[in-house]
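Asks: Here you go, query_31.txt (compact mmCIF, C-alpha atoms and all ligand atoms):
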```txt
# COMPACT_ATOMS: atom_id res chain seq x y z
CA MET A 55 -29.29 -1.27 17.60
CA ARG A 56 -30.54 0.89 14.72
CA ALA A 57 -27.81 1.83 12.25
CA VAL A 58 -29.38 5.22 11.65
CA ASP A 59 -29.03 6.13 15.35
CA LEU A 60 -25.33 5.29 15.32
CA ILE A 61 -24.83 7.30 12.13
CA ARG A 62 -26.58 10.29 13.68
CA ARG A 63 -24.60 10.02 16.91
CA LYS A 64 -21.29 10.01 15.04
CA ARG A 65 -22.51 12.80 12.76
CA ASP A 66 -23.09 14.90 15.90
CA SER A 67 -19.60 14.08 17.26
CA GLY A 68 -20.86 11.57 19.82
CA GLU A 69 -19.03 8.45 20.93
CA LEU A 70 -20.08 4.85 20.30
CA THR A 71 -19.58 2.07 22.82
CA PRO A 72 -17.40 -0.96 21.93
CA GLU A 73 -20.57 -3.11 21.88
CA GLU A 74 -22.29 -0.78 19.40
CA ILE A 75 -19.24 -0.76 17.13
CA GLN A 76 -18.99 -4.53 17.36
CA GLN A 77 -22.67 -4.97 16.45
CA LEU A 78 -22.51 -2.51 13.57
CA ILE A 79 -19.47 -4.20 12.04
CA ALA A 80 -20.90 -7.69 12.52
CA ALA A 81 -24.23 -6.67 10.96
CA TYR A 82 -22.54 -5.03 7.97
CA THR A 83 -20.27 -8.03 7.41
CA GLN A 84 -23.29 -10.34 7.38
CA GLY A 85 -25.10 -8.11 4.88
CA ASP A 86 -27.71 -6.88 7.36
CA ILE A 87 -26.73 -3.24 6.91
CA PRO A 88 -26.70 -1.78 3.40
CA ASP A 89 -23.70 -0.04 1.79
CA TYR A 90 -25.42 3.36 1.92
CA GLN A 91 -25.72 3.29 5.70
CA MET A 92 -22.16 2.09 6.17
CA SER A 93 -20.97 4.82 3.76
CA ALA A 94 -22.78 7.48 5.78
CA TRP A 95 -21.24 6.20 9.02
CA LEU A 96 -17.77 6.09 7.46
CA MET A 97 -18.17 9.66 6.22
CA ALA A 98 -19.23 10.76 9.70
CA ILE A 99 -15.99 9.19 11.03
CA VAL A 100 -13.92 10.98 8.40
CA LEU A 101 -15.47 14.29 9.44
CA ARG A 102 -15.75 13.78 13.21
CA GLY A 103 -12.93 11.34 14.02
CA MET A 104 -12.90 8.60 16.65
CA SER A 105 -11.62 8.40 20.21
CA ARG A 106 -8.81 5.94 21.10
CA PRO A 107 -11.27 3.49 22.72
CA GLU A 108 -13.47 3.68 19.60
CA ILE A 109 -10.46 2.99 17.34
CA ALA A 110 -9.44 0.04 19.54
CA ALA A 111 -13.00 -1.32 19.40
CA LEU A 112 -13.24 -0.87 15.63
CA THR A 113 -9.90 -2.62 15.09
CA GLU A 114 -10.92 -5.53 17.29
CA ALA A 115 -14.36 -5.81 15.70
CA MET A 116 -12.82 -5.91 12.22
CA LEU A 117 -10.10 -8.34 13.31
CA HIS A 118 -12.64 -10.72 14.88
CA SER A 119 -15.01 -10.47 11.91
CA GLY A 120 -12.88 -13.40 10.70
CA CYS A 121 -10.31 -15.80 12.05
CA VAL A 122 -6.87 -15.06 13.43
CA LEU A 123 -4.23 -17.27 11.88
CA ASP A 124 -1.76 -19.24 13.94
CA PHE A 125 1.52 -20.20 12.31
CA SER A 126 3.35 -20.83 15.57
CA ASP A 127 4.06 -24.41 14.49
CA LEU A 128 6.06 -23.18 11.47
CA ALA A 129 9.76 -22.59 12.07
CA GLY A 130 11.09 -19.04 11.95
CA ARG A 131 9.67 -15.72 13.07
CA LYS A 132 6.79 -14.33 11.11
CA VAL A 133 7.17 -10.71 10.04
CA ASP A 134 5.37 -8.39 7.69
CA LYS A 135 5.37 -4.82 6.49
CA HIS A 136 2.50 -2.64 5.43
CA SER A 137 2.35 0.72 3.72
CA THR A 138 -0.40 3.28 4.17
CA GLY A 139 -0.42 3.73 0.42
CA GLY A 140 1.11 5.99 -2.15
CA VAL A 141 1.97 6.43 -5.81
CA GLY A 142 4.46 3.99 -7.27
CA ASP A 143 4.90 2.22 -3.94
CA LYS A 144 5.84 -1.28 -4.95
CA THR A 145 8.15 -2.13 -2.04
CA SER A 146 6.18 -5.21 -0.91
CA LEU A 147 7.04 -7.02 -4.13
CA VAL A 148 10.73 -6.55 -3.45
CA ILE A 149 10.80 -6.90 0.31
CA ALA A 150 8.73 -10.06 0.74
CA PRO A 151 11.16 -12.23 -1.27
CA ILE A 152 14.20 -10.62 0.40
CA ILE A 153 12.90 -11.49 3.87
CA ALA A 154 11.88 -15.02 2.92
CA ALA A 155 15.28 -15.54 1.28
CA GLY A 156 16.82 -14.44 4.59
CA GLY A 157 15.03 -17.20 6.49
CA LEU A 158 12.05 -15.44 8.08
CA LYS A 159 8.42 -16.12 7.19
CA VAL A 160 6.24 -13.48 5.51
CA PRO A 161 2.50 -14.26 5.62
CA MET A 162 1.43 -11.13 3.74
CA ILE A 163 -2.21 -10.15 3.44
CA SER A 164 -2.46 -7.11 1.21
CA GLY A 165 -5.04 -4.77 -0.22
CA ARG A 166 -6.09 -3.58 -3.64
CA GLY A 167 -5.67 -0.05 -4.97
CA LEU A 168 -7.37 2.48 -2.76
CA GLY A 169 -8.31 5.95 -4.01
CA HIS A 170 -5.36 7.29 -5.98
CA SER A 171 -2.92 4.77 -4.47
CA GLY A 172 -1.97 1.42 -5.95
CA GLY A 173 -2.41 -1.95 -4.22
CA THR A 174 -0.12 -4.96 -4.01
CA LEU A 175 -2.85 -7.41 -5.08
CA ASP A 176 -3.63 -5.53 -8.29
CA LYS A 177 0.08 -5.40 -9.07
CA LEU A 178 0.59 -9.12 -8.48
CA GLU A 179 -2.42 -9.95 -10.64
CA SER A 180 -0.71 -8.31 -13.58
CA ILE A 181 1.57 -11.39 -13.58
CA PRO A 182 -0.41 -13.80 -15.77
CA GLY A 183 -1.93 -16.58 -13.67
CA PHE A 184 -0.84 -15.20 -10.28
CA ASN A 185 -3.48 -16.21 -7.77
CA VAL A 186 -3.94 -13.92 -4.76
CA ASN A 187 -7.12 -15.76 -3.72
CA LEU A 188 -5.53 -18.78 -2.08
CA THR A 189 -7.51 -20.76 0.46
CA LEU A 190 -6.08 -20.64 3.96
CA ALA A 191 -4.77 -24.18 3.51
CA GLU A 192 -2.96 -23.12 0.31
CA PHE A 193 -1.70 -19.95 2.01
CA ARG A 194 -0.15 -22.08 4.75
CA ARG A 195 1.33 -24.54 2.25
CA VAL A 196 2.99 -21.80 0.17
CA LEU A 197 4.26 -20.10 3.32
CA GLU A 198 5.69 -23.35 4.63
CA THR A 199 7.26 -24.27 1.29
CA CYS A 200 8.98 -21.03 0.37
CA GLY A 201 8.72 -18.74 3.41
CA CYS A 202 6.34 -16.23 1.87
CA ALA A 203 2.80 -16.06 0.53
CA LEU A 204 0.94 -13.01 -0.70
CA ILE A 205 -2.83 -12.99 -0.63
CA GLY A 206 -5.85 -10.72 -0.22
CA GLN A 207 -8.41 -10.89 2.52
CA THR A 208 -10.42 -14.03 2.23
CA ALA A 209 -13.91 -14.64 3.50
CA GLU A 210 -12.13 -15.86 6.65
CA ILE A 211 -9.59 -13.08 7.22
CA ALA A 212 -10.88 -9.66 8.29
CA PRO A 213 -13.90 -9.91 5.97
CA ALA A 214 -15.23 -6.67 7.46
CA ASP A 215 -12.18 -4.84 6.16
CA LYS A 216 -12.56 -6.41 2.75
CA LYS A 217 -16.09 -4.98 2.40
CA ILE A 218 -15.37 -1.65 4.05
CA TYR A 219 -12.12 -1.11 2.13
CA ALA A 220 -13.90 -1.52 -1.21
CA LEU A 221 -16.61 0.89 -0.08
CA ARG A 222 -14.17 3.53 1.20
CA ASP A 223 -12.28 3.42 -2.08
CA VAL A 224 -15.29 4.80 -3.96
CA THR A 225 -17.02 6.96 -1.34
CA GLY A 226 -14.26 9.44 -0.46
CA THR A 227 -13.81 7.90 2.98
CA VAL A 228 -10.21 6.79 2.88
CA GLU A 229 -8.52 9.73 4.62
CA SER A 230 -9.27 9.01 8.25
CA PRO A 231 -6.54 7.92 10.71
CA ALA A 232 -9.10 5.85 12.63
CA LEU A 233 -10.30 4.00 9.53
CA ILE A 234 -6.80 3.51 8.15
CA CYS A 235 -5.57 2.20 11.52
CA ALA A 236 -8.46 -0.27 11.90
CA SER A 237 -8.15 -1.40 8.28
CA ILE A 238 -4.42 -2.03 8.37
CA MET A 239 -4.19 -3.49 11.83
CA SER A 240 -7.22 -5.81 11.50
CA LYS A 241 -5.57 -7.46 8.49
CA LYS A 242 -2.09 -7.51 9.94
CA LEU A 243 -3.07 -8.79 13.38
CA ALA A 244 -5.02 -11.61 11.72
CA GLU A 245 -1.84 -12.84 10.02
CA GLY A 246 -0.35 -14.50 13.06
CA ILE A 247 2.84 -12.39 12.88
CA ASP A 248 5.41 -11.65 15.57
CA ALA A 249 6.56 -8.31 14.18
CA LEU A 250 5.39 -5.62 11.81
CA VAL A 251 7.12 -2.74 10.04
CA LEU A 252 4.83 0.05 8.95
CA ASP A 253 5.60 2.46 6.16
CA VAL A 254 3.53 5.54 6.89
CA LYS A 255 3.60 7.86 3.92
CA THR A 256 3.43 11.63 4.10
CA GLY A 257 3.31 14.30 1.42
CA SER A 258 1.29 15.27 -1.64
CA GLY A 259 0.76 11.66 -2.78
CA ALA A 260 -0.10 10.24 0.63
CA PHE A 261 -3.41 10.05 2.45
CA MET A 262 -1.71 11.94 5.28
CA LYS A 263 -0.46 15.08 3.55
CA LYS A 264 0.98 16.70 6.66
CA ILE A 265 3.80 15.16 8.64
CA GLU A 266 1.95 15.76 11.95
CA ASP A 267 -0.98 13.69 10.63
CA ALA A 268 1.37 10.91 9.51
CA GLU A 269 3.04 10.93 12.92
CA ASN A 270 -0.33 10.75 14.61
CA LEU A 271 -1.36 7.80 12.44
CA ALA A 272 2.00 6.09 13.02
CA GLY A 273 1.53 6.51 16.76
CA LEU A 274 -1.96 4.95 16.56
CA LEU A 275 -0.72 2.01 14.51
CA VAL A 276 2.27 1.33 16.74
CA GLU A 277 0.17 1.62 19.91
CA THR A 278 -2.48 -0.75 18.51
CA GLY A 279 0.12 -3.33 17.46
CA LYS A 280 2.02 -3.19 20.75
CA ARG A 281 -1.22 -3.51 22.71
CA MET A 282 -1.75 -6.78 20.88
CA GLY A 283 1.74 -8.01 21.86
CA LYS A 284 3.55 -7.43 18.55
CA LYS A 285 6.90 -5.81 17.89
CA VAL A 286 6.10 -2.78 15.74
CA VAL A 287 7.92 0.20 14.28
CA ALA A 288 6.69 2.80 11.83
CA LEU A 289 8.89 4.59 9.33
CA ILE A 290 7.51 7.93 8.20
CA THR A 291 8.52 8.08 4.56
CA ASP A 292 8.19 10.69 1.88
CA MET A 293 5.46 10.67 -0.73
CA ASN A 294 5.85 14.18 -2.17
CA GLN A 295 6.78 12.48 -5.42
CA PRO A 296 6.18 9.01 -6.82
CA LEU A 297 8.42 6.24 -5.51
CA GLY A 298 10.62 4.94 -8.29
CA ARG A 299 9.99 5.57 -11.96
CA THR A 300 6.56 4.04 -12.56
CA ALA A 301 2.96 3.88 -11.34
CA GLY A 302 0.66 1.27 -12.86
CA ASN A 303 0.37 -2.41 -12.16
CA ALA A 304 2.48 -4.24 -14.76
CA LEU A 305 4.91 -1.32 -14.98
CA GLU A 306 5.52 -1.59 -11.24
CA VAL A 307 6.04 -5.34 -11.33
CA ALA A 308 8.70 -4.83 -14.01
CA GLU A 309 10.39 -2.17 -11.88
CA SER A 310 10.34 -4.41 -8.80
CA ILE A 311 12.00 -7.18 -10.78
CA GLU A 312 14.67 -4.66 -11.80
CA VAL A 313 15.40 -3.97 -8.12
CA LEU A 314 15.49 -7.69 -7.32
CA ALA A 315 17.98 -8.06 -10.15
CA GLY A 316 20.27 -5.49 -8.52
CA GLY A 317 19.22 -2.39 -10.47
CA GLY A 318 16.22 -0.11 -10.36
CA PRO A 319 15.87 3.49 -9.21
CA ALA A 320 17.92 4.56 -6.19
CA ASP A 321 14.99 5.81 -4.06
CA LEU A 322 13.02 2.58 -4.46
CA ARG A 323 16.03 0.40 -3.81
CA GLU A 324 17.05 2.40 -0.74
CA LEU A 325 13.58 2.32 0.81
CA CYS A 326 13.28 -1.43 0.19
CA LEU A 327 16.63 -2.04 1.89
CA GLU A 328 15.67 0.12 4.86
CA LEU A 329 12.26 -1.51 5.39
CA ALA A 330 13.74 -4.99 4.95
CA ALA A 331 16.51 -4.11 7.42
CA TRP A 332 13.92 -3.24 10.08
CA MET A 333 12.04 -6.46 9.39
CA PHE A 334 15.19 -8.53 9.86
CA PHE A 335 15.91 -6.59 13.04
CA LEU A 336 12.41 -6.96 14.56
CA GLY A 337 12.35 -10.59 13.46
CA GLU A 338 15.60 -11.09 15.41
CA ARG A 339 17.44 -12.36 12.36
CA VAL A 340 20.13 -9.71 12.91
CA LYS A 341 21.36 -7.74 15.91
CA THR A 342 21.28 -4.26 14.35
CA VAL A 343 19.39 -2.47 11.60
CA ASP A 344 22.71 -1.85 9.81
CA GLU A 345 23.32 -5.58 9.73
CA GLY A 346 19.81 -6.01 8.32
CA ARG A 347 20.55 -3.53 5.55
CA LYS A 348 23.72 -5.40 4.62
CA LEU A 349 21.96 -8.76 4.68
CA SER A 350 19.21 -7.40 2.40
CA ALA A 351 21.74 -5.99 -0.07
CA ASP A 352 23.65 -9.30 -0.05
CA LEU A 353 20.46 -11.28 -0.75
CA ILE A 354 19.83 -9.11 -3.80
CA ALA A 355 23.45 -9.26 -4.98
CA SER A 356 23.61 -13.06 -4.69
CA GLY A 357 20.41 -13.51 -6.70
CA ALA A 358 18.72 -15.25 -3.73
CA ALA A 359 15.93 -12.66 -3.45
CA ARG A 360 15.10 -12.86 -7.15
CA ALA A 361 15.15 -16.67 -7.03
CA LYS A 362 12.75 -16.48 -4.08
CA PHE A 363 10.41 -14.22 -6.04
CA ARG A 364 10.44 -16.76 -8.87
CA GLU A 365 9.54 -19.48 -6.37
CA ILE A 366 6.64 -17.45 -4.94
CA VAL A 367 5.30 -16.68 -8.41
CA ALA A 368 5.48 -20.37 -9.36
CA LEU A 369 3.78 -21.55 -6.17
CA GLN A 370 0.97 -19.02 -6.59
CA GLY A 371 0.31 -20.10 -10.17
CA GLY A 372 1.98 -17.18 -11.95
CA ASP A 373 3.98 -17.24 -15.16
CA VAL A 374 7.59 -17.39 -13.89
CA ARG A 375 8.92 -16.41 -17.28
CA VAL A 376 8.09 -12.77 -16.48
CA VAL A 377 10.72 -12.80 -13.74
CA ASP A 378 13.45 -13.34 -16.33
CA ASP A 379 11.75 -11.38 -19.06
CA PRO A 380 9.41 -8.66 -17.74
CA ARG A 381 8.59 -7.71 -21.36
CA ARG A 382 6.14 -10.62 -21.15
CA LEU A 383 3.95 -8.49 -18.88
CA ALA A 384 0.98 -6.69 -20.42
CA ARG A 385 2.02 -3.55 -22.26
CA ALA A 386 -0.18 -0.63 -23.24
CA ARG A 387 -0.64 -0.08 -26.95
CA GLN A 388 -0.15 3.67 -26.89
CA SER A 389 1.84 6.29 -25.06
CA LEU A 390 1.83 10.04 -24.74
CA VAL A 391 4.76 12.07 -23.47
CA ILE A 392 3.98 15.07 -21.27
CA ASN A 393 6.56 17.78 -21.90
CA SER A 394 7.55 20.65 -19.69
CA ALA A 395 5.91 23.96 -20.58
CA ALA A 396 8.75 25.95 -18.97
CA SER A 397 12.44 25.88 -18.17
CA GLY A 398 13.72 25.83 -14.59
CA TYR A 399 13.68 23.29 -11.78
CA ILE A 400 11.03 20.89 -10.51
CA ALA A 401 10.07 22.60 -7.25
CA ALA A 402 7.10 20.40 -6.26
CA ILE A 403 4.93 17.61 -7.62
CA GLN A 404 1.22 17.14 -7.01
CA CYS A 405 1.82 13.46 -6.56
CA GLU A 406 -1.81 12.51 -5.84
CA GLN A 407 -2.78 13.92 -9.25
CA LEU A 408 -0.35 11.51 -10.89
CA GLY A 409 -1.97 8.64 -9.00
CA VAL A 410 -5.40 9.82 -10.11
CA ALA A 411 -4.14 10.04 -13.70
CA SER A 412 -3.19 6.35 -13.50
CA VAL A 413 -6.66 5.48 -12.11
CA VAL A 414 -8.33 7.52 -14.88
CA LEU A 415 -6.38 5.58 -17.51
CA GLY A 416 -7.82 2.37 -16.02
CA GLY A 417 -5.05 1.40 -13.58
CA GLY A 418 -7.37 1.73 -10.55
CA ARG A 419 -11.06 1.66 -9.69
CA GLU A 420 -13.60 4.45 -9.44
CA LYS A 421 -16.49 2.10 -8.71
CA LYS A 422 -16.24 -1.12 -6.72
CA GLU A 423 -16.99 -3.29 -9.73
CA ASP A 424 -14.52 -1.59 -12.13
CA ALA A 425 -12.03 -3.88 -13.84
CA ILE A 426 -8.36 -2.92 -13.83
CA ASP A 427 -6.25 -2.61 -16.95
CA PRO A 428 -2.88 -4.01 -15.82
CA ALA A 429 -0.94 -2.47 -18.69
CA VAL A 430 -1.69 1.22 -18.21
CA GLY A 431 0.09 3.73 -16.01
CA LEU A 432 2.70 6.43 -15.88
CA GLU A 433 6.44 6.55 -16.26
CA PHE A 434 8.21 9.43 -14.54
CA HIS A 435 11.25 11.15 -16.00
CA LYS A 436 11.89 13.96 -13.52
CA ARG A 437 12.14 14.26 -9.76
CA ILE A 438 12.00 17.20 -7.39
CA GLY A 439 15.14 19.32 -7.79
CA ASP A 440 15.85 18.20 -11.37
CA ALA A 441 16.62 20.87 -13.96
CA VAL A 442 14.25 20.96 -16.95
CA LYS A 443 14.17 22.78 -20.23
CA ARG A 444 10.95 23.73 -21.96
CA GLY A 445 9.92 20.70 -24.04
CA ASP A 446 11.75 18.14 -21.86
CA PRO A 447 9.70 15.02 -21.06
CA LEU A 448 8.26 15.07 -17.52
CA CYS A 449 6.34 11.82 -17.67
CA THR A 450 4.81 9.39 -20.14
CA LEU A 451 1.22 8.15 -20.04
CA HIS A 452 0.79 4.53 -21.15
CA TYR A 453 -2.80 3.87 -22.22
CA ASN A 454 -5.08 1.57 -24.16
CA SER A 455 -8.15 3.73 -24.59
CA ASP A 456 -8.32 7.45 -25.24
CA THR A 457 -11.78 7.87 -23.68
CA ARG A 458 -10.35 9.70 -20.68
CA LEU A 459 -6.93 10.50 -22.01
CA ALA A 460 -7.58 14.26 -22.01
CA GLU A 461 -8.40 14.13 -18.29
CA ALA A 462 -5.30 12.10 -17.44
CA ARG A 463 -3.21 14.42 -19.59
CA ARG A 464 -4.51 17.52 -17.81
CA LEU A 465 -3.79 15.93 -14.43
CA ALA A 466 -0.23 15.05 -15.43
CA GLU A 467 0.45 18.39 -17.10
CA THR A 468 -0.61 20.36 -14.04
CA ALA A 469 1.12 18.09 -11.51
CA TYR A 470 4.59 19.63 -11.88
CA LEU A 471 5.51 23.01 -10.38
CA ILE A 472 8.47 24.49 -12.20
CA GLU A 473 10.35 27.42 -10.66
CA PRO A 474 13.34 29.37 -11.94
CA GLU A 475 15.42 28.62 -8.81
CA LYS A 476 16.66 25.22 -7.69
CA PRO A 477 14.81 24.21 -4.46
CA LYS A 478 16.96 24.83 -1.38
CA SER A 479 16.34 21.36 0.01
CA LEU A 480 15.08 18.06 -1.32
CA PRO A 481 12.54 15.93 0.55
CA PRO A 482 14.28 13.19 2.56
CA LEU A 483 13.28 9.62 1.71
CA ILE A 484 12.73 8.76 5.39
CA HIS A 485 11.55 11.44 7.82
CA ARG A 486 11.76 9.50 11.06
CA VAL A 487 11.16 6.18 12.79
CA ILE A 488 8.49 5.83 15.49
CA GLY A 489 8.19 3.07 18.06
CA VAL A 490 11.84 2.22 18.77
N1 LIG B 501 -3.96 0.41 3.57
C1 LIG B 501 -4.95 -0.34 4.13
O1 LIG B 501 -4.86 -1.55 4.22
N2 LIG B 501 -6.05 0.30 4.58
C2 LIG B 501 -6.19 1.64 4.51
O2 LIG B 501 -7.19 2.13 4.94
C3 LIG B 501 -5.16 2.41 3.93
C4 LIG B 501 -4.04 1.76 3.47
```
Just give me the structure of the file as structure tokens.
Ligand code: URA
Replies:
Amino acid sequence: MRAVDLIRRKRDSGELTPEEIQQLIAAYTQGDIPDYQMSAWLMAIVLRGMSRPEIAALTEAMLHSGCVLDFSDLAGRKVDKHSTGGVGDKTSLVIAPIIAAGGLKVPMISGRGLGHSGGTLDKLESIPGFNVNLTLAEFRRVLETCGCALIGQTAEIAPADKKIYALRDVTGTVESPALICASIMSKKLAEGIDALVLDVKTGSGAFMKKIEDAENLAGLLVETGKRMGKKVVALITDMNQPLGRTAGNALEVAESIEVLAGGGPADLRELCLELAAWMFFLGERVKTVDEGRKLSADLIASGAARAKFREIVALQGGDVRVVDDPRRLARARQSLVINSAASGYIAAIQCEQLGVASVVLGGGREKKEDAIDPAVGLEFHKRIGDAVKRGDPLCTLHYNSDTRLAEARRLAETAYLIEPEKPKSLPPLIHRVIGV
């Protein structure tokens, strides 16, 4: 196999055999194919797409680039949820402790920020000391002890995805249903779970801007999971505006703690309850999704979910004091309020631009080796449909360096569309559920 031949075939819309895909992925994982060839192949996939057999082969090749975990000896069903990525999407931090507090096991392998979207691992690392790089033995121990462990891919778990994910982040090769499906499912199928709830985002801040594309991706993900014998549903959820009130690593941890403490913004809280409800349902902890919603709300109200989060943080080496006092998290030294230039109503938000603004301030990576500044990010003051007067604050940029402040400011200033009339309808939080 010559990598260049496979790149050219995909460039010309040809199809690769499962063996060719398997060899390419294995060679790249071992370091026998350079980043520039893999980038070219990934770009060809973004532009030309992949057939269903190719997607299945890619998912399997990435899954078997490492080991598949087996937690069948641990009591309780193992469930997880995964989001395709958005702006301000911090639901994992809330949901994982809720589910573990409810008696199921959550062996969660997450990703870092990708493109304009944030990543669970980067968020968790803004908790001083929190270690997402557990060995598999430690992962198992934490899971067994408290019912939940949150880690990144290790050298053992889907190492192909780890390398490819980092490359896609900085080569404009994220937005491909085939690549997203293989990336998500290779990690999730390696976790040894029984059931998976997928949160497939659609809208201006999602990788899938159009609902048809999100539905197509959801269908691929559900089909791939079911083929591998898992219970899977996908919720198509709205990402036409940021989820909750913040984007940025430490800011999002603080907001998640607010939800675990019974507060937090309504949209974030509602989505967390809905996703958790489906996890309880697929994990056979409850008989109906409604029952799952009630159980999730009760676990927050009783303080059990927050206590579980504290336990997870402690077991993974983090500073538990932040759970009781999120002001201990890193805070940016400076802030800049973006005010509305007009009066009227927020008709639309270019949500991806807000995610990029957070990356530009240092909250995400533009090159693989970039370090993240946990403290920076954005705080949102207005949502679609809200009335605004000229001069009202739309959002606040939290920053530590003004090197690229002007760029972030321009992105934030131009992200809000203000119209004289109130929009006739507001985007729903959840568009539909696929796979039931
Ligand atoms: N989340 C992932 O894990 N991979 C993707 O490609 C996109 C979102």
Asks: Please, which residues have at least one atom within 8 Å of an atom of ligand LIG 501 (chain B), using all atoms listed in the file, listed as a ChimeraX atom specification?
Replies: /A:136-139,164-165,168,219,228-230,233-239,241,261
Asks: Would you mind exporting C-alpha atoms of the selected residues as a PDB file, in the coordinates of the input?
Replies:
```pdb
ATOM      1  CA  HIS A 136       2.500  -2.640   5.430  1.00  0.00           C
ATOM      2  CA  SER A 137       2.350   0.720   3.720  1.00  0.00           C
ATOM      3  CA  THR A 138      -0.400   3.280   4.170  1.00  0.00           C
ATOM      4  CA  GLY A 139      -0.420   3.730   0.420  1.00  0.00           C
ATOM      5  CA  SER A 164      -2.460  -7.110   1.210  1.00  0.00           C
ATOM      6  CA  GLY A 165      -5.040  -4.770  -0.220  1.00  0.00           C
ATOM      7  CA  LEU A 168      -7.370   2.480  -2.760  1.00  0.00           C
ATOM      8  CA  TYR A 219     -12.120  -1.110   2.130  1.00  0.00           C
ATOM      9  CA  VAL A 228     -10.210   6.790   2.880  1.00  0.00           C
ATOM     10  CA  GLU A 229      -8.520   9.730   4.620  1.00  0.00           C
ATOM     11  CA  SER A 230      -9.270   9.010   8.250  1.00  0.00           C
ATOM     12  CA  LEU A 233     -10.300   4.000   9.530  1.00  0.00           C
ATOM     13  CA  ILE A 234      -6.800   3.510   8.150  1.00  0.00           C
ATOM     14  CA  CYS A 235      -5.570   2.200  11.520  1.00  0.00           C
ATOM     15  CA  ALA A 236      -8.460  -0.270  11.900  1.00  0.00           C
ATOM     16  CA  SER A 237      -8.150  -1.400   8.280  1.00  0.00           C
ATOM     17  CA  ILE A 238      -4.420  -2.030   8.370  1.00  0.00           C
ATOM     18  CA  MET A 239      -4.190  -3.490  11.830  1.00  0.00           C
ATOM     19  CA  LYS A 241      -5.570  -7.460   8.490  1.00  0.00           C
ATOM     20  CA  PHE A 261      -3.410  10.050   2.450  1.00  0.00           C
TER      21      PHE A 261
END
```
Asks: Using only C-alpha atoms for the distances, tell me which of A:Glu179, A:Glu475, A:Glu312, A:Glu269 is nearest to Asp440 of chain A.
Replies: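 Smallest separation from Asp440 of chain A among the options: A:Glu475.
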Asks: Which residues of segment 447-489 of chain A come within 7 Å of segment 275-290 of chain A, and for each one, what is the closest pair of atoms and their distance in Å to one decimal, counting all atoms listed in the file, sorted by chain and residue number, as CSV?
Replies:
```
residue,atom,partner,partner_atom,distance
A:Ile484,CA,A:Ile290,CA,6.0
A:His485,CA,A:Ile290,CA,5.4
A:Arg486,CA,A:Ile290,CA,5.4
A:Val487,CA,A:Leu289,CA,4.4
A:Ile488,CA,A:Ala288,CA,5.1
A:Gly489,CA,A:Val287,CA,4.8
```
Asks: Counting all atoms listed in the file, which residue out of A:Arg56, A:Lys144, A:Arg375, A:Arg385 sits closest to Cys326 of chain A?
Replies: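 Of A:Arg56, A:Lys144, A:Arg375, A:Arg385, the one nearest Cys326 of chain A, counting all atoms listed in the file, is A:Lys144.
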Asks: Mind dumping a table of every segment 115-202 of chain A residue within 12 Å of segment 296-306 of chain A, with the nearest atom pair and its distance in Å to one decimal, using all atoms listed in the file, sorted by chain and rising number, as a tab-separated table?
Replies:
```
residue	atom	partner	partner_atom	distance
A:Gly139	CA	A:Leu297	CA	10.9
A:Gly140	CA	A:Pro296	CA	7.5
A:Val141	CA	A:Pro296	CA	5.0
A:Gly142	CA	A:Ala301	CA	4.3
A:Asp143	CA	A:Leu297	CA	5.6
A:Lys144	CA	A:Glu306	CA	6.3
A:Thr145	CA	A:Leu297	CA	9.1
A:Ser146	CA	A:Glu306	CA	11.0
A:Leu147	CA	A:Glu306	CA	9.1
A:Val148	CA	A:Glu306	CA	10.6
A:Arg166	CA	A:Asn303	CA	10.8
A:Gly167	CA	A:Asn303	CA	9.7
A:His170	CA	A:Ala301	CA	10.5
A:Ser171	CA	A:Ala301	CA	9.1
A:Gly172	CA	A:Gly302	CA	7.4
A:Gly173	CA	A:Asn303	CA	8.4
A:Thr174	CA	A:Asn303	CA	8.6
A:Leu175	CA	A:Asn303	CA	9.2
A:Asp176	CA	A:Asn303	CA	6.4
A:Lys177	CA	A:Asn303	CA	4.3
A:Leu178	CA	A:Asn303	CA	7.7
A:Glu179	CA	A:Asn303	CA	8.2
A:Ser180	CA	A:Ala304	CA	5.3
A:Ile181	CA	A:Ala304	CA	7.3
A:Pro182	CA	A:Ala304	CA	10.0
```
Asks: Using C-alpha atoms, can you write the selected residues to a file as a compact mmCIF listing (two decimals), in the coordinates of the input?
Replies:
```txt
# COMPACT_ATOMS: atom_id res chain seq x y z
CA GLY A 139 -0.42 3.73 0.42
CA GLY A 140 1.11 5.99 -2.15
CA VAL A 141 1.97 6.43 -5.81
CA GLY A 142 4.46 3.99 -7.27
CA ASP A 143 4.90 2.22 -3.94
CA LYS A 144 5.84 -1.28 -4.95
CA THR A 145 8.15 -2.13 -2.04
CA SER A 146 6.18 -5.21 -0.91
CA LEU A 147 7.04 -7.02 -4.13
CA VAL A 148 10.73 -6.55 -3.45
CA ARG A 166 -6.09 -3.58 -3.64
CA GLY A 167 -5.67 -0.05 -4.97
CA HIS A 170 -5.36 7.29 -5.98
CA SER A 171 -2.92 4.77 -4.47
CA GLY A 172 -1.97 1.42 -5.95
CA GLY A 173 -2.41 -1.95 -4.22
CA THR A 174 -0.12 -4.96 -4.01
CA LEU A 175 -2.85 -7.41 -5.08
CA ASP A 176 -3.63 -5.53 -8.29
CA LYS A 177 0.08 -5.40 -9.07
CA LEU A 178 0.59 -9.12 -8.48
CA GLU A 179 -2.42 -9.95 -10.64
CA SER A 180 -0.71 -8.31 -13.58
CA ILE A 181 1.57 -11.39 -13.58
CA PRO A 182 -0.41 -13.80 -15.77
```
